[in-house]
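A.B. asks: Here you go, coords-v1.csv (CSV, C-alpha atoms):
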chain,number,residue,atom,x,y,z
A,1,MET,CA,23.9,58.1,64.3
A,2,ALA,CA,26.0,54.9,64.1
A,3,ILE,CA,27.1,53.3,60.8
A,4,ASP,CA,26.0,49.7,60.4
A,5,LYS,CA,28.9,47.4,59.8
A,6,VAL,CA,28.6,45.2,56.8
A,7,THR,CA,28.2,41.6,57.8
A,8,PRO,CA,30.8,39.6,55.8
A,9,TRP,CA,30.1,36.5,53.9
A,10,VAL,CA,31.8,33.4,55.4
A,11,LYS,CA,33.2,30.7,53.2
A,12,SER,CA,32.2,27.1,54.0
A,13,THR,CA,31.4,23.8,52.3
A,14,CYS,CA,28.0,22.2,51.6
A,15,ALA,CA,27.7,19.0,53.6
A,16,TYR,CA,25.2,17.1,51.5
A,17,CYS,CA,26.6,15.1,48.6
A,18,GLY,CA,30.0,14.1,47.4
A,19,VAL,CA,30.6,17.1,45.2
A,20,GLY,CA,31.7,19.3,48.2
A,21,CYS,CA,30.5,22.6,46.7
A,22,GLY,CA,31.9,25.8,48.1
A,23,ILE,CA,29.3,28.1,49.7
A,24,GLU,CA,29.3,31.5,51.2
A,25,ALA,CA,27.0,32.2,54.2
A,26,LYS,CA,25.8,35.3,55.9
A,27,PRO,CA,23.5,35.5,59.0
A,28,THR,CA,20.1,37.3,58.7
A,29,ALA,CA,18.0,39.1,61.3
A,30,SER,CA,15.7,36.1,61.5
A,31,GLY,CA,18.5,33.8,62.6
A,32,GLN,CA,18.8,32.0,59.4
A,33,LEU,CA,21.5,32.3,56.8
A,34,ASP,CA,21.7,33.7,53.4
A,35,ILE,CA,23.5,31.2,51.2
A,36,ARG,CA,25.2,31.6,47.8
A,37,GLY,CA,27.6,29.6,45.8
A,38,ASP,CA,31.3,30.4,46.1
A,39,ALA,CA,32.2,31.6,42.6
A,40,ASP,CA,35.9,30.9,43.3
A,41,HIS,CA,35.5,27.3,44.5
A,42,PRO,CA,36.9,24.7,42.0
A,43,ALA,CA,34.1,22.2,42.7
A,44,ASN,CA,31.1,24.3,41.7
A,45,TYR,CA,32.3,27.8,40.6
A,46,GLY,CA,29.3,29.3,42.2
A,47,ARG,CA,26.7,26.7,41.2
A,48,LEU,CA,24.4,25.2,43.8
A,49,CYS,CA,21.6,22.7,43.6
A,50,SER,CA,18.2,23.1,45.4
A,51,LYS,CA,19.5,21.4,48.6
A,52,GLY,CA,22.6,23.6,48.8
A,53,LEU,CA,20.5,26.7,48.2
A,54,ALA,CA,18.2,25.7,51.1
A,55,LEU,CA,21.1,25.2,53.6
A,56,GLY,CA,20.2,28.5,55.4
A,57,GLU,CA,16.8,27.1,56.3
A,58,THR,CA,18.3,24.2,58.3
A,59,VAL,CA,20.2,26.3,60.9
A,60,THR,CA,17.2,27.5,62.9
A,61,HIS,CA,16.5,26.1,66.4
A,62,GLU,CA,13.1,24.6,65.5
A,63,GLY,CA,13.1,20.9,66.0
A,64,ARG,CA,16.6,20.7,67.3
A,65,LEU,CA,18.0,19.3,70.6
A,66,GLN,CA,19.5,22.4,72.2
A,67,TYR,CA,21.0,20.8,75.4
A,68,PRO,CA,22.3,17.5,76.5
A,69,SER,CA,19.8,15.0,78.0
A,70,ILE,CA,20.2,11.7,79.9
A,71,ASN,CA,17.1,9.5,79.8
A,72,GLY,CA,15.0,12.4,78.6
A,73,HIS,CA,16.1,14.8,81.4
A,74,GLN,CA,18.1,18.0,80.7
A,75,VAL,CA,21.6,18.1,82.2
A,76,ASP,CA,24.6,20.3,81.9
A,77,TRP,CA,27.5,19.5,79.6
A,78,ASN,CA,29.9,18.4,82.3
A,79,SER,CA,27.4,15.9,83.6
A,80,ALA,CA,26.7,14.6,80.1
A,81,ILE,CA,30.4,14.1,79.3
A,82,LYS,CA,31.0,12.5,82.6
A,83,HIS,CA,28.1,10.1,82.0
A,84,VAL,CA,29.4,9.1,78.6
A,85,ALA,CA,32.9,8.6,79.9
A,86,THR,CA,31.7,6.5,82.8
A,87,GLN,CA,29.6,4.3,80.6
A,88,PHE,CA,32.5,3.7,78.2
A,89,SER,CA,34.9,3.0,81.1
A,90,ASP,CA,32.5,0.6,82.8
A,91,ILE,CA,31.9,-1.4,79.6
A,92,ILE,CA,35.6,-1.6,78.8
A,93,GLU,CA,36.3,-2.7,82.4
A,94,GLN,CA,33.7,-5.4,82.3
A,95,HIS,CA,34.0,-6.7,78.7
A,96,GLY,CA,37.2,-5.4,77.3
A,97,LYS,CA,38.1,-2.6,74.8
A,98,GLU,CA,36.7,-4.6,71.9
A,99,ALA,CA,33.2,-4.1,73.3
A,100,VAL,CA,33.0,-0.5,72.2
A,101,ALA,CA,33.0,1.1,68.8
A,102,PHE,CA,32.5,4.4,66.9
A,103,TYR,CA,30.4,4.7,63.7
A,104,VAL,CA,30.9,8.2,62.3
A,105,SER,CA,29.6,10.2,59.4
A,106,GLY,CA,31.0,10.9,56.0
A,107,GLN,CA,30.2,14.6,56.5
A,108,LEU,CA,32.9,15.3,59.1
A,109,LEU,CA,36.1,17.2,58.4
A,110,THR,CA,39.3,15.3,58.1
A,111,GLU,CA,40.5,16.9,61.3
A,112,ASP,CA,37.3,15.5,63.1
A,113,TYR,CA,38.1,12.0,61.8
A,114,TYR,CA,41.6,12.4,63.1
A,115,VAL,CA,40.5,13.2,66.6
A,116,ALA,CA,37.9,10.4,66.7
A,117,ASN,CA,40.5,7.9,65.5
A,118,LYS,CA,43.0,9.1,68.1
A,119,LEU,CA,40.4,8.6,70.8
A,120,MET,CA,39.4,5.1,69.6
A,121,LYS,CA,42.7,3.7,68.4
A,122,GLY,CA,45.2,5.7,70.4
A,123,PHE,CA,43.4,6.1,73.7
A,124,ILE,CA,40.9,3.3,74.0
A,125,GLY,CA,43.2,1.0,72.0
A,126,THR,CA,41.1,-0.7,69.4
A,127,GLY,CA,40.4,-0.4,65.7
A,128,ASN,CA,36.6,-0.4,66.1
A,129,ILE,CA,35.9,2.8,64.2
A,130,ASP,CA,34.3,3.0,60.8
A,131,THR,CA,32.4,5.6,58.7
A,132,ASN,CA,29.3,5.2,56.5
A,133,SER,CA,31.3,6.6,53.6
A,134,ARG,CA,33.8,3.8,53.7
A,135,LEU,CA,31.1,1.1,54.0
A,136,CYS,CA,29.1,2.5,51.0
A,137,MET,CA,32.3,2.7,49.0
A,138,SER,CA,33.9,-0.5,50.1
A,139,SER,CA,33.6,-2.1,46.6
A,140,SER,CA,35.4,0.9,45.1
A,141,VAL,CA,38.0,0.8,47.9
A,142,ALA,CA,38.7,-2.8,47.2
A,143,GLY,CA,38.8,-2.2,43.5
A,144,HIS,CA,41.2,0.7,43.8
A,145,LYS,CA,43.5,-1.3,46.1
A,146,ARG,CA,43.5,-4.3,43.6
A,147,ALA,CA,44.4,-2.0,40.7
A,148,PHE,CA,46.6,0.6,42.2
A,149,GLY,CA,47.7,-0.7,45.5
A,150,SER,CA,45.9,2.1,47.3
A,151,ASP,CA,42.5,3.6,47.6
A,152,THR,CA,43.1,6.3,45.1
A,153,VAL,CA,40.7,8.2,42.7
A,154,PRO,CA,43.0,9.3,39.9
A,155,GLY,CA,41.0,12.2,38.6
A,156,CYS,CA,39.7,15.7,39.3
A,157,TYR,CA,36.7,17.8,38.3
A,158,GLU,CA,38.6,19.7,35.7
A,159,ASP,CA,38.8,16.5,33.7
A,160,LEU,CA,35.1,16.8,32.9
A,161,GLU,CA,35.8,19.9,30.8
A,162,LEU,CA,38.8,18.4,29.1
A,163,ALA,CA,37.4,15.0,28.2
A,164,ASP,CA,36.3,14.0,24.7
A,165,MET,CA,34.1,11.2,26.0
A,166,ILE,CA,32.3,10.9,29.4
A,167,ILE,CA,30.8,7.6,30.5
A,168,ILE,CA,28.2,7.8,33.3
A,169,THR,CA,27.5,4.4,34.8
A,170,GLY,CA,25.6,3.3,37.9
A,171,SER,CA,24.5,6.9,38.6
A,172,ASN,CA,21.6,9.2,38.0
A,173,LEU,CA,24.0,12.1,38.1
A,174,ALA,CA,21.3,14.7,37.3
A,175,TRP,CA,19.6,13.9,40.7
A,176,CYS,CA,22.4,12.6,42.8
A,177,HIS,CA,25.2,15.0,41.9
A,178,PRO,CA,23.4,17.8,40.1
A,179,VAL,CA,26.2,20.3,40.1
A,180,LEU,CA,28.5,17.9,38.4
A,181,TYR,CA,25.8,17.1,35.9
A,182,GLN,CA,25.3,20.8,35.2
A,183,ARG,CA,29.0,21.1,34.6
A,184,ILE,CA,28.9,18.3,32.0
A,185,LYS,CA,25.7,19.7,30.5
A,186,ALA,CA,27.3,23.2,30.1
A,187,GLU,CA,30.4,21.6,28.5
A,188,LYS,CA,28.2,19.6,26.2
A,189,GLN,CA,26.4,22.8,25.1
A,190,ARG,CA,29.7,24.6,24.6
A,191,ARG,CA,31.3,21.7,22.8
A,192,PRO,CA,28.7,19.5,21.1
A,193,SER,CA,31.4,17.1,19.9
A,194,LEU,CA,31.7,15.8,23.5
A,195,GLN,CA,30.4,12.3,23.6
A,196,VAL,CA,28.3,11.4,26.7
A,197,ILE,CA,27.3,7.7,27.3
A,198,VAL,CA,24.9,6.8,30.0
A,199,ILE,CA,24.8,3.2,31.2
A,200,ASP,CA,21.8,2.5,33.3
A,201,PRO,CA,19.0,-0.1,33.2
A,202,ARG,CA,16.6,2.8,33.7
A,203,LYS,CA,16.0,5.9,31.6
A,204,THR,CA,16.7,8.7,34.0
A,205,ASP,CA,17.0,12.5,33.7
A,206,THR,CA,20.7,12.0,33.1
A,207,CYS,CA,19.9,10.6,29.7
A,208,GLU,CA,18.8,14.1,28.6
A,209,ILE,CA,22.4,14.9,27.5
A,210,ALA,CA,23.4,11.4,26.4
A,211,ASN,CA,24.5,10.6,22.8
A,212,GLN,CA,23.9,7.0,23.7
A,213,HIS,CA,21.9,5.3,26.5
A,214,LEU,CA,22.8,1.7,27.1
A,215,ALA,CA,19.9,0.2,29.0
A,216,LEU,CA,21.8,-3.0,30.0
A,217,LYS,CA,20.3,-5.8,32.1
A,218,ALA,CA,20.8,-5.1,35.8
A,219,GLY,CA,24.0,-6.8,37.0
A,220,SER,CA,25.6,-7.2,33.6
A,221,ASP,CA,28.2,-4.4,34.0
A,222,VAL,CA,31.2,-6.8,34.2
A,223,ALA,CA,30.2,-8.5,31.0
A,224,LEU,CA,29.9,-5.1,29.3
A,225,PHE,CA,33.3,-3.8,30.3
A,226,ASN,CA,35.1,-7.2,30.0
A,227,GLY,CA,33.6,-7.2,26.5
A,228,LEU,CA,35.1,-3.8,25.9
A,229,LEU,CA,38.6,-5.0,27.1
A,230,SER,CA,38.3,-8.1,24.8
A,231,TYR,CA,37.2,-5.8,21.9
A,232,LEU,CA,40.2,-3.5,22.4
A,233,ASN,CA,42.5,-6.4,22.5
A,234,GLN,CA,41.1,-8.1,19.4
A,235,HIS,CA,41.1,-4.9,17.4
A,236,HIS,CA,44.7,-4.0,18.4
A,237,GLN,CA,43.7,-0.8,20.1
A,238,LEU,CA,45.7,-1.3,23.3
A,239,ASN,CA,48.4,1.0,24.6
A,240,ASN,CA,51.1,-1.7,24.8
A,241,ALA,CA,53.9,0.8,25.8
A,242,TYR,CA,51.9,1.8,28.8
A,243,ILE,CA,50.9,-1.8,29.7
A,244,ASN,CA,54.5,-3.0,29.5
A,245,ALA,CA,55.8,0.0,31.5
A,246,HIS,CA,53.2,0.4,34.2
A,247,THR,CA,51.1,-2.7,34.7
A,248,GLU,CA,51.3,-6.4,35.5
A,249,GLY,CA,48.9,-9.3,35.1
A,250,PHE,CA,47.6,-7.9,31.8
A,251,GLU,CA,47.6,-11.3,30.0
A,252,GLN,CA,45.5,-12.9,32.8
A,253,ALA,CA,43.0,-9.9,32.7
A,254,VAL,CA,42.5,-10.3,29.0
A,255,GLU,CA,42.2,-14.1,29.3
A,256,ARG,CA,39.5,-13.7,32.0
A,257,ALA,CA,37.7,-11.0,29.9
A,258,ASN,CA,37.7,-13.3,26.9
A,259,LYS,CA,36.4,-16.2,28.9
A,260,ASP,CA,33.7,-14.1,30.5
A,261,ALA,CA,32.6,-12.0,27.5
A,262,GLY,CA,33.4,-14.3,24.6
A,263,ASP,CA,32.5,-12.7,21.3
A,264,ILE,CA,30.3,-9.6,20.9
A,265,ALA,CA,27.2,-11.7,20.4
A,266,THR,CA,27.7,-13.3,23.8
A,267,VAL,CA,28.1,-9.8,25.4
A,268,ALA,CA,24.8,-8.8,23.7
A,269,ALA,CA,23.0,-11.8,25.1
A,270,LYS,CA,24.4,-11.2,28.6
A,271,THR,CA,23.7,-7.4,28.7
A,272,GLY,CA,20.4,-7.3,26.6
A,273,LEU,CA,22.0,-4.7,24.3
A,274,SER,CA,22.2,-5.0,20.6
A,275,ILE,CA,25.4,-5.8,18.7
A,276,GLU,CA,25.0,-2.4,17.0
A,277,GLN,CA,24.8,-0.6,20.3
A,278,LEU,CA,27.9,-2.4,21.6
A,279,ASN,CA,29.9,-1.8,18.5
A,280,THR,CA,29.1,1.9,18.6
A,281,PHE,CA,30.1,2.2,22.3
A,282,TYR,CA,33.3,0.1,21.9
A,283,ARG,CA,34.4,2.1,18.7
A,284,LEU,CA,33.8,5.4,20.5
A,285,TYR,CA,35.9,4.2,23.5
A,286,ALA,CA,38.7,3.1,21.2
A,287,LYS,CA,38.6,6.3,19.1
A,288,ASN,CA,38.5,9.0,21.8
A,289,GLU,CA,41.8,9.6,23.5
A,290,LYS,CA,40.4,11.5,26.5
A,291,VAL,CA,37.8,9.4,28.3
A,292,VAL,CA,36.4,9.8,31.8
A,293,THR,CA,34.3,7.1,33.4
A,294,LEU,CA,32.1,8.4,36.2
A,295,TYR,CA,30.6,5.6,38.3
A,296,SER,CA,28.7,5.5,41.6
A,297,GLN,CA,26.5,3.4,43.8
A,298,GLY,CA,24.8,1.5,40.9
A,299,VAL,CA,28.3,-0.1,40.4
A,300,ASN,CA,29.4,-0.3,44.0
A,301,GLN,CA,26.3,-1.5,45.7
A,302,SER,CA,26.3,-5.1,44.3
A,303,ILE,CA,27.5,-8.5,45.2
A,304,GLN,CA,29.8,-8.1,42.2
A,305,GLY,CA,30.7,-4.5,43.1
A,306,THR,CA,34.4,-4.9,43.3
A,307,ASP,CA,34.6,-6.9,40.1
A,308,LYS,CA,32.5,-4.2,38.4
A,309,VAL,CA,35.0,-1.5,39.5
A,310,ASN,CA,38.0,-3.5,38.3
A,311,SER,CA,36.4,-4.2,34.9
A,312,ILE,CA,36.1,-0.4,34.5
A,313,LEU,CA,39.7,0.2,35.8
A,314,ASN,CA,41.2,-2.5,33.5
A,315,CYS,CA,39.9,-0.8,30.4
A,316,HIS,CA,41.5,2.5,31.4
A,317,LEU,CA,44.8,0.8,32.3
A,318,ALA,CA,44.8,-1.1,29.0
A,319,MET,CA,44.5,2.2,27.1
A,320,GLY,CA,46.9,4.2,29.3
A,321,ARG,CA,44.0,6.6,30.0
A,322,ILE,CA,44.7,7.3,33.6
A,323,GLY,CA,46.5,10.2,35.4
A,324,LYS,CA,46.3,12.4,32.3
A,325,PRO,CA,44.2,15.5,31.8
A,326,GLY,CA,40.7,14.6,30.7
A,327,SER,CA,41.1,10.9,31.3
A,328,GLY,CA,40.6,8.4,34.1
A,329,PRO,CA,38.1,6.3,36.1
A,330,PHE,CA,36.3,8.6,38.5
A,331,SER,CA,34.4,7.2,41.5
A,332,VAL,CA,31.8,9.7,42.7
A,333,THR,CA,30.4,9.2,46.2
A,334,GLY,CA,27.5,10.4,48.3
A,335,GLN,CA,29.4,12.2,51.1
A,336,PRO,CA,31.4,15.3,50.9
A,337,ASN,CA,34.4,13.8,52.8
A,338,ALA,CA,34.1,10.2,51.9
A,339,MET,CA,37.8,10.0,51.2
A,340,GLY,CA,38.7,11.6,54.5
A,341,GLY,CA,36.7,8.9,56.3
A,342,ARG,CA,38.2,6.1,54.3
A,343,GLU,CA,41.7,7.4,54.9
Written as structure tokens, how would this file's structure read?
C.D. replies:
Amino acid sequence: MAIDKVTPWVKSTCAYCGVGCGIEAKPTASGQLDIRGDADHPANYGRLCSKGLALGETVTHEGRLQYPSINGHQVDWNSAIKHVATQFSDIIEQHGKEAVAFYVSGQLLTEDYYVANKLMKGFIGTGNIDTNSRLCMSSSVAGHKRAFGSDTVPGCYEDLELADMIIITGSNLAWCHPVLYQRIKAEKQRRPSLQVIVIDPRKTDTCEIANQHLALKAGSDVALFNGLLSYLNQHHQLNNAYINAHTEGFEQAVERANKDAGDIATVAAKTGLSIEQLNTFYRLYAKNEKVVTLYSQGVNQSIQGTDKVNSILNCHLAMGRIGKPGSGPFSVTGQPNAMGGRE
């Protein structure tokens, strides 16, 4: 009688949203996978949402293309690769290397991006390669480069447990990044003093844990955060030591914020919020030392997307709340390796 070998769990990463949860997978007799959260992974500590838990159901052969085909006819791999190479070569010969391009996914590994970039830039010789995760985040990319000189997200998930105040803007986090939402919800239950502010024209499930829901007019985010910067300046709440040591152009930023926002009554008129709501939000921002601002596509996907991003970043820079535990602007995206694609 033979002893069955225990099939080991294999560590991997969920490829759905931008959280990048760690998973563990084990094959079953039916050809599917058993899936569980990786309890040691720093993104999720074993938590998974419904999509992550259903990953094992997606690896079956049903409905999948299991072989290469050309014009609907099955071929072997060598023939398929030769066909693709010939088509690329013929197009480049006839129309030049700028006539071809790659559009890749935000769900690839950084090493995959590297190989694809080497093929397009190094071998074919053109820069015509892009990824959906850079395009969807282009506003944030431009905002980061304006503020920091590079596309950098100066925060990490651990900041969510360390913050005294978390602002969620442009995101229904409960639906779009449920594991992060559950982390914040758990921390809120553990530490009721944690202030959670949701900024969204709609009332979504994310508002369940909010101390304050600011249902501003769509598109008025810049006025809201420029109003915050103007408020901080008028009420002498700025971190002048940080501003003088680490920033430039502050006077111009405040001047523009004052011009755009005016007084708090003007901000109220532009955002559709009450003066009382604005004063409560602005006072909380000024009072709490550790502030994280989570923002996503509701900020980015706009003709004012880059300005929205910079209005958020300016407030963090003005208070020196950046690069410190529990503090910072935090762009959350829809792809698990969006940064890899952008880099």
A.B. asks: Hey, which of A:Ala318, A:Cys156, A:Val332, A:Leu162 ends up closest to A:Leu228? Count all atoms listed in the file.
C.D. replies: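 Of A:Ala318, A:Cys156, A:Val332, A:Leu162, the one nearest A:Leu228, counting all atoms listed in the file, is A:Ala318.
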A.B. asks: Mind checking which residues fall within 10 Å of A:Cys315, counting all atoms listed in the file, ignoring those fewer than 5 positions away in the same chain, and posting them as a VMD selection string?
C.D. replies: chain A and resid 225 to 230 232 238 253 to 254 285 310 320 to 322 328 to 329
A.B. asks: Please, what distance in Å, to one decimal, runs between atom CA of A:Val299 and atom CA of A:Val141?
C.D. replies: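 Separating atom CA of A:Val299 from atom CA of A:Val141 is a distance of 12.3 Å.
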A.B. asks: At a cut-off of 12 Å, using all atoms listed in the file, what residues contact A:Cys21? Leave out same-chain residues fewer than 4 positions from it and give the result as an MDAnalysis selection string.
C.D. replies: chainID A and resid 11:17 35:49 51:53 55 157 177:180 335:337
A.B. asks: Which residue gives the smallest distance to A:Lys82 among A:Phe330, A:Asn279, A:Ile70, A:Ile184, with only C-alpha atoms counted?
C.D. replies: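 Ranking A:Phe330, A:Asn279, A:Ile70, A:Ile184 by distance to A:Lys82, first place goes to A:Ile70.
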A.B. asks: Find the residues of stretch 69-187 of chain A that sit at most 8 Å from stretch 200-215 of chain A; for each, write down the nearest two atoms and how far apart they are in Å, to one decimal. Count only C-alpha atoms. Sort by chain, then by number going up, and give it as JSON lines.
C.D. replies:
{"residue": "A:Thr169", "atom": "CA", "partner": "A:Asp200", "partner_atom": "CA", "distance": 6.2}
{"residue": "A:Gly170", "atom": "CA", "partner": "A:Asp200", "partner_atom": "CA", "distance": 6.0}
{"residue": "A:Ser171", "atom": "CA", "partner": "A:Asp200", "partner_atom": "CA", "distance": 7.4}
{"residue": "A:Asn172", "atom": "CA", "partner": "A:Thr206", "partner_atom": "CA", "distance": 5.7}
{"residue": "A:Leu173", "atom": "CA", "partner": "A:Thr206", "partner_atom": "CA", "distance": 6.0}
{"residue": "A:Ala174", "atom": "CA", "partner": "A:Thr206", "partner_atom": "CA", "distance": 5.0}
{"residue": "A:Trp175", "atom": "CA", "partner": "A:Asp205", "partner_atom": "CA", "distance": 7.6}
{"residue": "A:Tyr181", "atom": "CA", "partner": "A:Thr206", "partner_atom": "CA", "distance": 7.7}
{"residue": "A:Lys185", "atom": "CA", "partner": "A:Ile209", "partner_atom": "CA", "distance": 6.6}
A.B. asks: Which residues are close to stretch 242-244 of chain A, i.e. within 8 Å by all atoms listed in the file, leaving aside same-chain residues fewer than 2 positions away? Reply as a list in words.
C.D. replies: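 Here the qualifying residues turn out to be Asn239, Asn240, His246, Thr247, Glu248, Phe250, Leu317, Ala318, Met319 and Gly320 of chain A.
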A.B. asks: Which residue is closest to A:Thr306? Choose from A:Ala142, A:Ala245, A:Ile166, A:Ala218 and count all atoms listed in the file.
C.D. replies: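 Using all atoms listed in the file, A:Thr306 sits closest to A:Ala142.
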A.B. asks: Write out as a list of chain:residue names the residues lying within 12 Å of A:Asp307, counting all atoms listed in the file and excluding same-chain residues fewer than 6 positions away.
C.D. replies: A:Ser138, A:Ser139, A:Ser140, A:Val141, A:Ala142, A:Gly143, A:His144, A:Arg146, A:Ala147, A:Gly219, A:Ser220, A:Asp221, A:Val222, A:Ala223, A:Leu224, A:Phe225, A:Asn226, A:Ala253, A:Arg256, A:Ala257, A:Val299, A:Asn300, A:Gln301, A:Leu313, A:Asn314
A.B. asks: Output, as lines of an AutoDock Vina configuration file, the centre and edge lengths in Å (one decimal) of the axis-aligned box that contains all listed atoms of stretch 323-329 of chain A with 3 Å of margin on each side.
C.D. replies:
center_x = 42.3
center_y = 10.9
center_z = 33.4
size_x = 14.4
size_y = 15.2
size_z = 11.4
A.B. asks: Find the spatial neighbours of A:Val291, counting all atoms listed in the file, within a cut-off of 10 Å - ignore same-chain residues fewer than 2 positions away - and output them as a list of chain:residue names.
C.D. replies: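 Listing them by chain and then by number gives A:Asp159, A:Leu160, A:Leu162, A:Ala163, A:Asp164, A:Met165, A:Ile166, A:Ile167, A:Gln195, A:Val196, A:Leu284, A:Tyr285, A:Ala286, A:Lys287, A:Asn288, A:Glu289, A:Thr293, A:Leu294, A:His316, A:Met319, A:Arg321, A:Ile322, A:Lys324, A:Pro325, A:Gly326, A:Ser327, A:Gly328, A:Pro329.
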A.B. asks: Nearest to A:Leu135: which of A:Gln252, A:Tyr103, A:Gly155, A:Asn117 is it, counting all atoms listed in the file?
C.D. replies: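 Looking at the shortest contact to A:Leu135, the residue is A:Tyr103.
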A.B. asks: So how far away is atom CA of A:Pro27 from atom CA of A:Pro8, in Å?
C.D. replies: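 Between atom CA of A:Pro8 and atom CA of A:Pro27 the gap works out to 9.0 Å.
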A.B. asks: Which polymer residues, protein or nucleic acid, are no farther than 12 Å from (26.3, 13.2, 79.2), counting all atoms listed in the file, as a list in words?
C.D. replies: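 Residues found, by chain and rising number: Tyr67, Pro68, Ser69, Ile70, Asn71, Gly72, His73, Gln74, Val75, Asp76, Trp77, Asn78, Ser79, Ala80, Ile81, Lys82, His83, Val84, Ala85, Thr86, Gln87 and Phe88 of chain A.
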A.B. asks: What is the distance between atom CA of A:Ile197 and atom CA of A:Gly262, in Å to one decimal?
C.D. replies: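 If I compute the distance from atom CA of A:Ile197 to atom CA of A:Gly262, I get 23.0 Å.
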A.B. asks: When distances are computed from all atoms listed in the file, which of A:Thr126, A:Thr28, A:Gln234, A:Thr280 shows the smallest separation from A:Gly96?
C.D. replies: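 Counting all atoms listed in the file, the residue closest to A:Gly96 is A:Thr126.
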